[in-house]
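See below for run.txt, which holds compact mmCIF, C-alpha atoms.
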```txt
# COMPACT_ATOMS: atom_id res chain seq x y z
CA MET T 5 139.05 101.05 88.32
CA PRO T 6 141.77 103.42 86.92
CA LEU T 7 139.05 105.51 85.27
CA TYR T 8 137.11 105.68 88.56
CA ARG T 9 140.23 106.83 90.40
CA LEU T 10 140.96 109.46 87.77
CA LEU T 11 137.42 110.83 87.90
CA LEU T 12 137.46 110.87 91.70
CA SER T 13 140.80 112.70 91.74
CA LEU T 14 139.42 115.29 89.34
CA ALA T 15 136.37 115.67 91.60
CA ALA T 16 138.48 116.20 94.73
CA PRO T 17 138.55 120.03 94.42
CA LEU T 18 134.76 120.04 94.11
CA LEU T 19 134.52 117.89 97.24
CA ALA T 20 136.72 120.40 99.05
CA VAL T 21 134.38 123.24 98.04
CA LEU T 22 131.32 121.26 99.16
CA PHE T 23 132.89 120.53 102.53
CA ALA T 24 133.83 124.19 102.94
CA LEU T 25 130.24 125.24 102.18
CA ARG T 26 128.90 122.77 104.74
CA LEU T 27 131.25 124.25 107.32
CA LEU T 28 130.19 127.80 106.47
CA ARG T 29 126.51 126.84 106.66
CA ARG T 30 127.18 124.99 109.93
CA ALA T 31 125.70 121.84 108.44
CA GLU T 32 128.84 120.11 109.71
CA THR T 33 131.64 120.93 112.12
CA ALA T 34 135.40 120.91 111.76
CA GLU T 35 135.42 117.65 113.74
CA ASP T 36 132.99 116.14 111.20
CA LEU T 37 135.35 117.10 108.39
CA ARG T 38 138.31 115.60 110.23
CA GLN T 39 136.38 112.34 110.53
CA ARG T 40 135.58 112.33 106.81
CA LEU T 41 139.25 112.90 106.04
CA ALA T 42 140.44 110.42 108.70
CA THR T 43 142.68 112.93 110.44
CA THR T 44 141.29 112.38 113.95
CA ASP T 45 143.43 110.75 116.61
CA GLU T 46 142.33 107.19 117.30
CA PRO T 47 143.78 105.71 120.51
CA PRO T 48 145.10 102.16 120.08
CA LEU T 49 142.81 99.55 121.56
CA PRO T 50 143.60 96.00 122.64
CA GLY T 51 142.02 93.06 120.88
CA PRO T 52 140.51 92.74 117.39
CA ARG T 53 138.40 95.42 115.74
CA LEU T 54 135.80 95.27 112.98
CA TRP T 55 134.77 98.14 110.75
CA LEU T 56 130.99 98.12 110.21
CA HIS T 57 129.52 100.60 107.74
CA GLY T 58 125.96 101.56 106.85
CA ALA T 59 124.82 104.50 104.77
CA SER T 60 122.62 106.12 107.42
CA ASN T 61 119.99 105.53 110.10
CA GLY T 62 118.00 102.84 108.33
CA GLU T 63 120.94 100.63 107.49
CA LEU T 64 122.55 100.94 110.91
CA ALA T 65 119.24 100.36 112.70
CA ALA T 66 118.80 97.21 110.61
CA ALA T 67 122.24 96.06 111.73
CA ARG T 68 121.59 96.62 115.44
CA GLY T 69 120.84 92.94 116.15
CA LEU T 70 123.99 91.93 114.31
CA ILE T 71 126.05 94.47 116.26
CA ASP T 72 124.66 93.28 119.59
CA GLY T 73 125.31 89.67 118.60
CA LEU T 74 128.94 90.39 117.72
CA LEU T 75 129.61 92.23 120.98
CA VAL T 76 128.06 89.46 123.07
CA ALA T 77 129.79 86.62 121.21
CA HIS T 78 133.22 88.29 121.33
CA PRO T 79 133.80 90.14 124.64
CA GLY T 80 137.19 91.45 123.51
CA LEU T 81 135.92 92.79 120.19
CA HIS T 82 135.83 96.49 119.32
CA LEU T 83 133.65 97.96 116.56
CA THR T 84 134.23 101.07 114.49
CA ILE T 85 130.78 102.00 113.15
CA THR T 86 130.64 104.49 110.28
CA ALA T 87 127.85 106.23 108.38
CA ASN T 88 127.74 108.70 105.52
CA THR T 89 125.46 111.06 107.44
CA THR T 90 125.84 112.86 110.74
CA THR T 91 122.39 111.59 111.78
CA GLY T 92 123.47 107.98 111.25
CA ARG T 93 126.72 108.56 113.13
CA ASP T 94 124.92 110.28 115.99
CA MET T 95 122.32 107.52 116.25
CA ALA T 96 125.03 104.87 116.58
CA SER T 97 126.83 107.01 119.15
CA ALA T 98 123.61 107.48 121.15
CA TRP T 99 123.27 103.71 121.52
CA ASP T 100 126.19 104.03 123.94
CA LEU T 101 127.24 100.44 123.32
CA PRO T 102 130.39 99.08 124.95
CA ARG T 103 133.55 98.84 122.88
CA THR T 104 132.17 100.83 119.95
CA THR T 105 133.34 103.99 118.21
CA ALA T 106 130.99 105.90 115.88
CA ARG T 107 132.50 107.96 113.07
CA LEU T 108 131.60 109.56 109.77
CA ALA T 109 132.80 107.32 106.95
CA PRO T 110 136.03 108.27 105.20
CA VAL T 111 135.62 109.65 101.70
CA ASP T 112 136.60 107.21 98.97
CA LEU T 113 140.03 108.73 98.30
CA ARG T 114 143.02 106.43 98.59
CA ALA T 115 145.10 108.71 100.83
CA VAL T 116 142.18 109.14 103.22
CA LEU T 117 141.46 105.41 103.27
CA HIS T 118 145.11 104.58 103.96
CA ARG T 119 144.97 106.85 107.03
CA PHE T 120 141.68 105.34 108.21
CA LEU T 121 142.85 101.73 107.84
CA ALA T 122 146.14 102.50 109.57
CA ALA T 123 144.33 104.14 112.49
CA HIS T 124 141.63 101.51 113.01
CA ARG T 125 143.38 98.33 111.76
CA PRO T 126 140.14 96.38 111.20
CA ALA T 127 140.21 92.59 111.03
CA ALA T 128 137.33 92.80 108.54
CA LEU T 129 135.01 95.32 106.90
CA ILE T 130 131.28 94.60 107.24
CA VAL T 131 129.14 96.49 104.73
CA ILE T 132 125.40 96.81 105.33
CA GLU T 133 123.34 96.70 102.14
CA ASN T 134 124.78 98.47 99.07
CA GLU T 135 127.71 100.66 100.11
CA LEU T 136 130.18 99.23 97.59
CA TRP T 137 132.77 102.00 97.26
CA PRO T 138 135.46 100.91 94.76
CA ASN T 139 138.57 102.35 96.44
CA ARG T 140 137.42 101.22 99.87
CA LEU T 141 136.99 97.63 98.75
CA SER T 142 140.12 97.62 96.61
CA LEU T 143 142.34 98.84 99.44
CA ALA T 144 140.76 96.40 101.88
CA ARG T 145 141.63 93.57 99.50
CA ALA T 146 145.19 94.90 99.06
CA ALA T 147 145.57 94.97 102.85
CA GLN T 148 144.15 91.42 103.10
CA ILE T 149 141.15 92.69 105.05
CA PRO T 150 138.10 90.49 104.38
CA VAL T 151 135.05 92.33 103.03
CA ILE T 152 131.70 90.99 104.25
CA VAL T 153 128.54 92.40 102.68
CA THR T 154 125.26 91.55 104.34
CA SER T 155 121.61 92.25 103.48
CA ALA T 156 122.78 93.41 100.04
CA ARG T 157 120.14 94.44 97.55
CA LEU T 158 120.48 94.77 93.78
CA SER T 159 117.40 95.63 91.73
CA ALA T 160 117.13 94.75 88.05
CA ARG T 161 117.47 98.45 87.24
CA SER T 162 120.67 98.84 89.27
CA ALA T 163 122.08 95.63 87.77
CA LYS T 164 121.62 97.09 84.27
CA ARG T 165 123.55 100.20 85.32
CA TRP T 166 126.39 98.13 86.76
CA ALA T 167 126.44 96.07 83.56
CA LEU T 168 127.34 99.22 81.61
CA LEU T 169 130.69 99.17 83.49
CA PRO T 170 131.58 95.47 83.50
CA GLY T 171 135.22 96.01 84.39
CA LEU T 172 134.40 98.15 87.42
CA ALA T 173 131.69 95.71 88.50
CA ARG T 174 134.13 92.78 88.36
CA ASP T 175 136.82 94.72 90.24
CA VAL T 176 134.41 95.70 93.01
CA LEU T 177 132.70 92.34 93.39
CA SER T 178 135.94 90.34 93.23
CA ALA T 179 137.09 92.21 96.35
CA ILE T 180 134.18 90.77 98.36
CA THR T 181 134.99 87.80 100.57
CA LEU T 182 131.42 87.02 101.64
CA LEU T 183 128.09 88.40 100.43
CA SER T 184 124.66 87.62 101.84
CA ALA T 185 121.95 89.23 99.71
CA GLN T 186 118.49 90.22 100.90
CA ASP T 187 116.90 87.78 98.46
CA SER T 188 117.82 85.15 95.92
CA ALA T 189 117.08 87.44 92.94
CA SER T 190 119.62 89.98 94.19
CA ALA T 191 122.14 87.19 94.81
CA ASP T 192 121.72 85.96 91.23
CA ARG T 193 122.30 89.48 89.88
CA PHE T 194 125.48 89.91 91.93
CA THR T 195 126.75 86.56 90.66
CA ALA T 196 125.97 87.49 87.04
CA LEU T 197 127.97 90.72 87.44
CA GLY T 198 131.05 88.90 88.71
CA LEU T 199 130.67 87.98 92.37
CA PRO T 200 132.87 84.90 92.92
CA SER T 201 130.76 81.81 93.61
CA PRO T 202 132.63 80.95 96.86
CA ALA T 203 131.72 84.42 98.21
CA ARG T 204 127.98 83.85 97.87
CA ALA T 205 126.21 83.08 101.16
CA ALA T 206 122.59 82.29 101.96
CA PRO T 207 120.21 85.27 101.60
CA LEU T 208 119.33 87.20 104.75
CA ALA T 209 117.35 90.45 105.10
CA LEU T 210 118.49 92.37 108.17
CA LYS T 211 115.62 94.85 108.11
CA THR T 212 113.22 92.22 109.42
CA THR T 213 115.34 92.29 112.59
CA THR T 214 115.21 96.08 112.91
CA PRO T 215 114.09 97.19 116.37
CA PRO T 216 111.23 99.71 116.40
CA PRO T 217 112.26 103.38 116.38
CA PRO T 218 112.01 104.99 119.81
CA VAL T 219 108.91 106.79 121.07
CA ASP T 220 109.04 109.59 123.62
CA PRO T 221 106.12 108.82 125.99
CA GLU T 222 105.92 112.44 127.13
CA ALA T 223 105.47 113.56 123.52
CA LEU T 224 103.04 110.73 122.73
CA ALA T 225 100.48 111.33 125.47
CA PRO T 226 99.19 114.81 124.49
CA LEU T 227 99.13 113.95 120.78
CA ALA T 228 97.31 110.66 121.36
CA ALA T 229 94.60 112.58 123.19
CA GLN T 230 93.96 114.60 120.02
CA LEU T 231 94.08 111.83 117.40
CA SER T 232 91.91 108.73 117.11
CA ARG T 233 94.36 106.01 116.18
CA PRO T 234 92.03 103.91 113.96
CA ASP T 235 91.13 107.04 111.97
CA THR T 236 94.68 108.36 111.61
CA LEU T 237 96.64 107.70 108.41
CA LEU T 238 100.41 108.14 108.37
CA ALA T 239 102.02 108.80 105.00
CA ALA T 240 105.57 107.81 105.93
CA SER T 241 108.71 108.97 104.12
CA THR T 242 106.98 110.50 101.11
CA HIS T 243 108.79 111.95 98.09
CA PRO T 244 108.18 114.78 95.60
CA GLY T 245 105.28 113.91 93.32
CA GLU T 246 103.80 111.64 95.98
CA GLU T 247 102.41 114.11 98.50
CA GLU T 248 100.00 115.51 95.91
CA GLN T 249 98.58 112.02 95.30
CA VAL T 250 98.27 111.26 99.02
CA LEU T 251 96.54 114.59 99.69
CA ALA T 252 94.12 114.05 96.81
CA ALA T 253 93.27 110.54 98.05
CA PHE T 254 92.88 111.77 101.63
CA SER T 255 90.56 114.62 100.58
CA GLN T 256 88.41 112.23 98.57
CA ALA T 257 88.21 109.69 101.41
CA ARG T 258 87.27 112.35 103.96
CA ALA T 259 84.12 113.08 101.98
CA THR T 260 82.72 109.74 103.20
CA ARG T 261 84.95 109.24 106.26
CA PRO T 262 85.00 112.71 107.86
CA GLY T 263 86.86 111.61 110.99
CA LEU T 264 89.94 110.60 108.97
CA ARG T 265 93.14 112.48 109.88
CA LEU T 266 96.50 112.53 108.11
CA ILE T 267 100.03 112.69 109.49
CA LEU T 268 102.24 113.60 106.54
CA ALA T 269 105.92 112.83 107.15
CA PRO T 270 108.11 113.67 104.13
CA ARG T 271 111.26 111.61 103.70
CA HIS T 272 113.41 114.73 104.03
CA ALA T 273 112.34 117.16 106.75
CA ARG T 274 114.02 120.04 104.91
CA ARG T 275 111.12 119.87 102.40
CA GLY T 276 108.71 121.01 105.11
CA ALA T 277 107.93 124.40 103.56
CA GLU T 278 107.43 122.85 100.13
CA VAL T 279 105.03 120.22 101.51
CA ALA T 280 103.19 122.84 103.58
CA ALA T 281 102.50 124.76 100.35
CA LEU T 282 101.06 121.59 98.79
CA ILE T 283 98.73 121.07 101.76
CA ALA T 284 97.57 124.68 101.59
CA ARG T 285 96.98 124.34 97.85
CA ALA T 286 94.83 121.26 98.55
CA GLY T 287 92.64 123.45 100.76
CA LEU T 288 93.20 121.35 103.88
CA PRO T 289 93.65 122.89 107.35
CA PHE T 290 96.94 121.76 108.83
CA ALA T 291 99.29 122.11 111.77
CA THR T 292 103.08 121.93 111.59
CA ARG T 293 105.23 119.96 114.02
CA SER T 294 108.41 121.99 113.47
CA ALA T 295 106.50 125.15 114.42
CA GLY T 296 105.54 123.60 117.75
CA ASP T 297 101.90 123.14 116.74
CA GLU T 298 99.71 120.37 118.10
CA PRO T 299 97.31 118.67 115.69
CA GLY T 300 94.18 120.03 117.36
CA ASP T 301 91.28 119.71 114.93
CA ALA T 302 93.45 120.14 111.82
CA ALA T 303 92.88 117.60 109.08
CA VAL T 304 96.61 117.26 108.36
CA TYR T 305 99.56 117.23 110.74
CA LEU T 306 102.80 118.00 108.91
CA ALA T 307 105.51 115.94 110.63
CA ASP T 308 108.55 117.82 109.33
CA THR T 309 111.02 116.94 112.08
CA MET T 310 113.85 114.43 112.38
CA GLY T 311 113.99 111.44 114.70
CA GLU T 312 110.29 111.18 115.55
CA MET T 313 109.09 108.50 113.13
CA GLY T 314 108.38 106.12 116.02
CA LEU T 315 105.99 108.69 117.43
CA TRP T 316 104.07 108.93 114.13
CA TYR T 317 103.78 105.15 113.84
CA ALA T 318 102.49 104.94 117.41
CA LEU T 319 99.74 107.47 116.67
CA SER T 320 98.52 105.85 113.44
CA GLY T 321 96.24 102.92 112.70
CA LEU T 322 96.97 103.10 108.97
CA CYS T 323 100.35 103.56 107.33
CA PHE T 324 101.01 104.32 103.69
CA THR T 325 104.62 103.46 102.83
CA GLY T 326 106.22 106.29 100.89
CA GLY T 327 108.40 105.98 97.83
CA SER T 328 105.88 103.61 96.29
CA LEU T 329 103.52 105.90 94.33
CA VAL T 330 106.60 107.35 92.62
CA GLU T 331 109.50 105.35 91.20
CA LYS T 332 111.60 105.19 94.38
CA GLY T 333 111.09 101.49 95.09
CA GLY T 334 109.34 101.83 98.45
CA HIS T 335 110.69 102.04 101.99
CA THR T 336 110.73 99.34 104.65
CA PRO T 337 107.32 98.05 105.75
CA TRP T 338 108.73 96.40 108.87
CA GLU T 339 108.95 99.51 111.08
CA PRO T 340 105.17 100.21 111.04
CA VAL T 341 104.52 96.51 111.62
CA HIS T 342 106.10 96.90 115.08
CA PHE T 343 103.35 99.39 115.94
CA GLY T 344 100.32 97.45 114.72
CA CYS T 345 99.62 99.59 111.67
CA ALA T 346 97.57 98.37 108.73
CA LEU T 347 99.79 98.78 105.66
CA LEU T 348 99.11 100.33 102.27
CA HIS T 349 101.61 100.82 99.46
CA GLY T 350 101.84 101.82 95.83
CA PRO T 351 103.11 99.76 92.87
CA SER T 352 106.79 100.80 93.05
CA CYS T 353 108.24 98.36 95.59
CA PHE T 354 111.41 97.04 93.94
CA ASN T 355 113.55 97.94 96.98
CA GLN T 356 111.38 95.75 99.21
CA ALA T 357 109.85 93.40 96.62
CA GLU T 358 110.08 90.19 98.63
CA ALA T 359 108.82 91.82 101.83
CA PHE T 360 105.78 93.39 100.19
CA ALA T 361 105.03 90.22 98.24
CA ALA T 362 104.93 88.25 101.51
CA LEU T 363 102.77 90.87 103.24
CA ASP T 364 100.38 91.15 100.29
CA ALA T 365 100.02 87.37 100.08
CA ALA T 366 99.16 87.20 103.78
CA GLY T 367 96.52 89.92 103.46
CA ALA T 368 98.69 92.04 105.73
CA ALA T 369 99.20 94.88 103.25
CA LEU T 370 97.03 96.41 100.57
CA PRO T 371 98.56 97.49 97.24
CA VAL T 372 97.02 100.54 95.57
CA ALA T 373 97.76 101.54 92.00
CA ASP T 374 97.16 105.28 92.26
CA ALA T 375 95.49 108.06 94.26
CA THR T 376 91.99 106.90 93.28
CA ALA T 377 92.68 103.38 94.55
CA LEU T 378 94.22 104.77 97.73
CA ALA T 379 91.10 106.86 98.36
CA ALA T 380 88.87 103.81 97.84
CA ALA T 381 90.98 101.76 100.28
CA LEU T 382 90.87 104.48 102.94
CA THR T 383 87.11 104.69 102.56
CA ARG T 384 86.59 100.92 102.77
CA LEU T 385 88.93 99.93 105.60
CA ASP T 386 87.21 99.94 108.99
CA PRO T 387 88.86 99.44 112.42
CA ALA T 388 88.11 95.69 112.44
CA GLU T 389 89.73 95.14 109.04
CA GLN T 390 92.69 97.32 110.03
CA ALA T 391 93.20 95.24 113.17
CA ARG T 392 93.06 92.03 111.13
CA MET T 393 95.66 93.34 108.68
CA ALA T 394 97.92 94.49 111.53
CA ALA T 395 97.74 91.05 113.17
CA ALA T 396 98.55 89.35 109.85
CA ALA T 397 101.52 91.70 109.35
CA SER T 398 102.87 90.92 112.82
CA ALA T 399 102.55 87.17 112.18
CA THR T 400 104.31 87.55 108.82
CA ALA T 401 107.18 89.48 110.40
CA LYS T 402 107.63 86.89 113.13
CA ALA T 403 107.69 84.06 110.59
CA ARG T 404 110.39 85.87 108.60
CA GLN T 405 112.74 86.68 111.49
CA PRO T 406 116.13 85.43 110.32
CA ASP T 407 118.47 83.37 112.43
CA LEU T 408 121.59 85.50 112.82
CA ALA T 409 123.68 82.69 114.32
CA PRO T 410 125.01 81.33 110.97
CA LEU T 411 125.99 84.83 109.83
CA LEU T 412 127.70 85.58 113.14
CA GLN T 413 129.65 82.34 112.80
CA ARG T 414 130.66 83.14 109.20
CA ILE T 415 131.83 86.62 110.23
CA ALA T 416 133.86 85.17 113.11
CA SER T 417 135.55 82.60 110.91
CA THR T 418 136.12 85.01 108.01
CA ALA T 419 137.63 87.67 110.28
CA ASN T 420 139.47 85.04 112.35
CA LEU T 421 137.98 86.37 115.58
CA PRO T 422 138.90 84.64 118.83
CA ARG T 423 136.05 82.75 120.45
CA GLY T 424 134.46 84.40 123.48
```
I need this file expressed as structure tokens, please.
Amino acid sequence: MPLYRLLLSLAAPLLAVLFALRLLRRAETAEDLRQRLATTDEPPLPGPRLWLHGASNGELAAARGLIDGLLVAHPGLHLTITANTTTGRDMASAWDLPRTTARLAPVDLRAVLHRFLAAHRPAALIVIENELWPNRLSLARAAQIPVIVTSARLSARSAKRWALLPGLARDVLSAITLLSAQDSASADRFTALGLPSPARAAPLALKTTTPPPPVDPEALAPLAAQLSRPDTLLAASTHPGEEEQVLAAFSQARATRPGLRLILAPRHARRGAEVAALIARAGLPFATRSAGDEPGDAAVYLADTMGEMGLWYALSGLCFTGGSLVEKGGHTPWEPVHFGCALLHGPSCFNQAEAFAALDAAGAALPVADATALAAALTRLDPAEQARMAAAASATAKARQPDLAPLLQRIASTANLPRG
């Protein structure tokens, strides 16, 4: 931990430069910076408060059921919800939930954290998934603030990296009061790295409780008139090195399935121009969402905007889960399940290993090893088979819905919350 603090202190000037550049580029505002440095005025509020943190949209969306459950069970409870990104913060703010405050998370500097804890006075810190910042957890422990980590995930690869710093791993994990991993394998890895046995709780994966992303009906109607859902493939949240494979598979499949259309939604919308160049290089006619285009007769619709993933799911009968044909570990399969999509994914699924294993076993998802296998799957799957896979996926999701009541009770007892 001393080495971490030293390195972070040395990096502080670089952080200041990065923040200044974001201000100059208008990527963030002065108010955003004040939130990151915990210099905003926070009015005192009656009753207990919890600090709930998730990295960004996905983590906070996964925690929505937990948040709703806490607010209902404890009518006097206030929540401070933080995210690392402005999009995550803004999403939580747009929920407009009672007794909640959405903020950008404080940077992991001790002076900043002291200000944040003094302003918000949380009865407990709830961490969604893997946001285990050393100073944050250390100061929470020093202030006798329980740290509750839920839906935590630790791959074998990440565990090996943590094992290179055994002292830091022990310091961080010993600050955790209660940890519920996504799966038993992750729980075992946390324990091996130093998580105290009394802190280990039953596994629970919050992302199976994630509500579907919103869909704007006014935007959906004209697009749905131009795309045949059974013949529309969504490549969702793709990464560099993956779009080329998807485009090659799509081109090959269209030779025998000419009505096939592709919605290509890169993980980061800022890569729109880069992905557009790849589509052009593949010789495929395309339209671009950010330019205001409609799909028309174009083979590919480049979905390079933020906040519209629900729309793309609603338009697609097939969904390829990105981050799985490259070594990114795959993204959640549960969002497209809400929309009745047939699922395809590549071999790299370590971030969602248990979920994909369950879906594959139920015949609800189809693993493909490479672009050639993806092309063969797209050629073979007909509307009837897609509908069968979608139904199997929905049944699998329903069977895996976790019961949040035990976790809510553990949070209440750990944080010593008054009963509602």
Checklist entry - Of the residues T:Ala115, T:Ala409, T:Leu129, T:Leu168, which is the one nearest to Ala16 (chain T), using all atoms listed in the file? => result T:Ala115
Checklist outcome for this item: The residue from T:Arg193, T:His342, T:Arg145, T:Arg265 with the smallest atom-to-atom distance to Arg161 (chain T), counting only C-alpha atoms, is T:Arg193
Item to check | Exercise: residues within 12 Å of coordinate (96.3, 113.7, 113.8), counting all atoms listed in the file, as a ChimeraX atom specification | outcome: /T:224,226-239,263-269,289-293,297-307,315-322
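With only C-alpha atoms as the atoms that count, the minimum distance from Arg204 (chain T) to the choices T:Leu347, T:Leu182, T:Pro422, T:Ala225 is reached by T:Leu182.
Rounded to one decimal, CA of Asp364 (chain T) and CA of Phe324 (chain T) lie 13.6 Å from each other.
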Item to check | Close residues, Leu101 (chain T) itself excluded, 10 Å, all atoms listed in the file, min 4 positions apart in chain, as a PyMOL selection string | outcome: chain T and resi 71-72+75+83+96-97+105-106
Give me the residues within 12 Å of Pro138 (chain T) as an mmCIF file with C-alpha atoms, in the frame of the given file, counting all atoms listed in the file and dropping any in the same chain fewer than 6 places off.
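Printed below is selection-v1.cif as written:
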```
data_model
loop_
_atom_site.group_PDB
_atom_site.id
_atom_site.type_symbol
_atom_site.label_atom_id
_atom_site.label_comp_id
_atom_site.auth_asym_id
_atom_site.auth_seq_id
_atom_site.Cartn_x
_atom_site.Cartn_y
_atom_site.Cartn_z
ATOM 1 C CA MET T 5 139.050 101.050 88.320
ATOM 2 C CA PRO T 6 141.770 103.420 86.920
ATOM 3 C CA LEU T 7 139.050 105.510 85.270
ATOM 4 C CA TYR T 8 137.110 105.680 88.560
ATOM 5 C CA ARG T 9 140.230 106.830 90.400
ATOM 6 C CA LEU T 12 137.460 110.870 91.700
ATOM 7 C CA VAL T 111 135.620 109.650 101.700
ATOM 8 C CA ASP T 112 136.600 107.210 98.970
ATOM 9 C CA LEU T 113 140.030 108.730 98.300
ATOM 10 C CA ARG T 114 143.020 106.430 98.590
ATOM 11 C CA LEU T 117 141.460 105.410 103.270
ATOM 12 C CA ALA T 144 140.760 96.400 101.880
ATOM 13 C CA ARG T 145 141.630 93.570 99.500
ATOM 14 C CA VAL T 151 135.050 92.330 103.030
ATOM 15 C CA GLY T 171 135.220 96.010 84.390
ATOM 16 C CA LEU T 172 134.400 98.150 87.420
ATOM 17 C CA ALA T 173 131.690 95.710 88.500
ATOM 18 C CA ARG T 174 134.130 92.780 88.360
ATOM 19 C CA ASP T 175 136.820 94.720 90.240
ATOM 20 C CA VAL T 176 134.410 95.700 93.010
ATOM 21 C CA LEU T 177 132.700 92.340 93.390
ATOM 22 C CA SER T 178 135.940 90.340 93.230
ATOM 23 C CA ALA T 179 137.090 92.210 96.350
ATOM 24 C CA ILE T 180 134.180 90.770 98.360
#
```
Next on the checklist: So the first atom is CA of Gln356 (chain T) and the second is CA of Leu108 (chain T); what is the distance between them in Å, to one decimal place?
Outcome noted: 26.7 Å
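Our summary of the geometry notes that CA of Ala259 (chain T) is positioned 22.1 Å from CA of Val279 (chain T).
Minimum atom-to-atom distance to Asp94 (chain T), evaluated using all atoms listed in the file, belongs to T:Asp36 out of T:Asp374, T:Asp220, T:Asp36, T:Asp308.
Closest approach to Ala281 (chain T) among T:Gly296, T:Glu247, T:Leu74, T:Ala223: T:Glu247, based on only C-alpha atoms.
Of the residues listed (T:Pro102, T:Pro48, T:Gly198, T:Pro371), T:Pro48 shows the shortest atom-to-atom separation from Ala123 (chain T); distances use all atoms listed in the file.
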Item to check | Selection: 12 Å around Arg107 (chain T), all atoms listed in the file, excl. self and same-chain fewer than 4 positions, as an MDAnalysis selection string | outcome: chainID T and resid 35:46 55:60 83:97 111 120 124
Checklist entry - Do you know which residues lie at most 8 Å from (140.7, 92.0, 124.0), with coordinates as in the file and all atoms listed in the file counted, and could you write them as a PyMOL selection string? => result chain T and resi 50-52+79-81
Next on the checklist: Set the distance at 8 Å and use only C-alpha atoms: which residues neighbour Ser352 (chain T) once local chain neighbours fewer than 4 positions away are removed? I'd like the list as number ranges by chain.
Outcome noted: T: 327-334
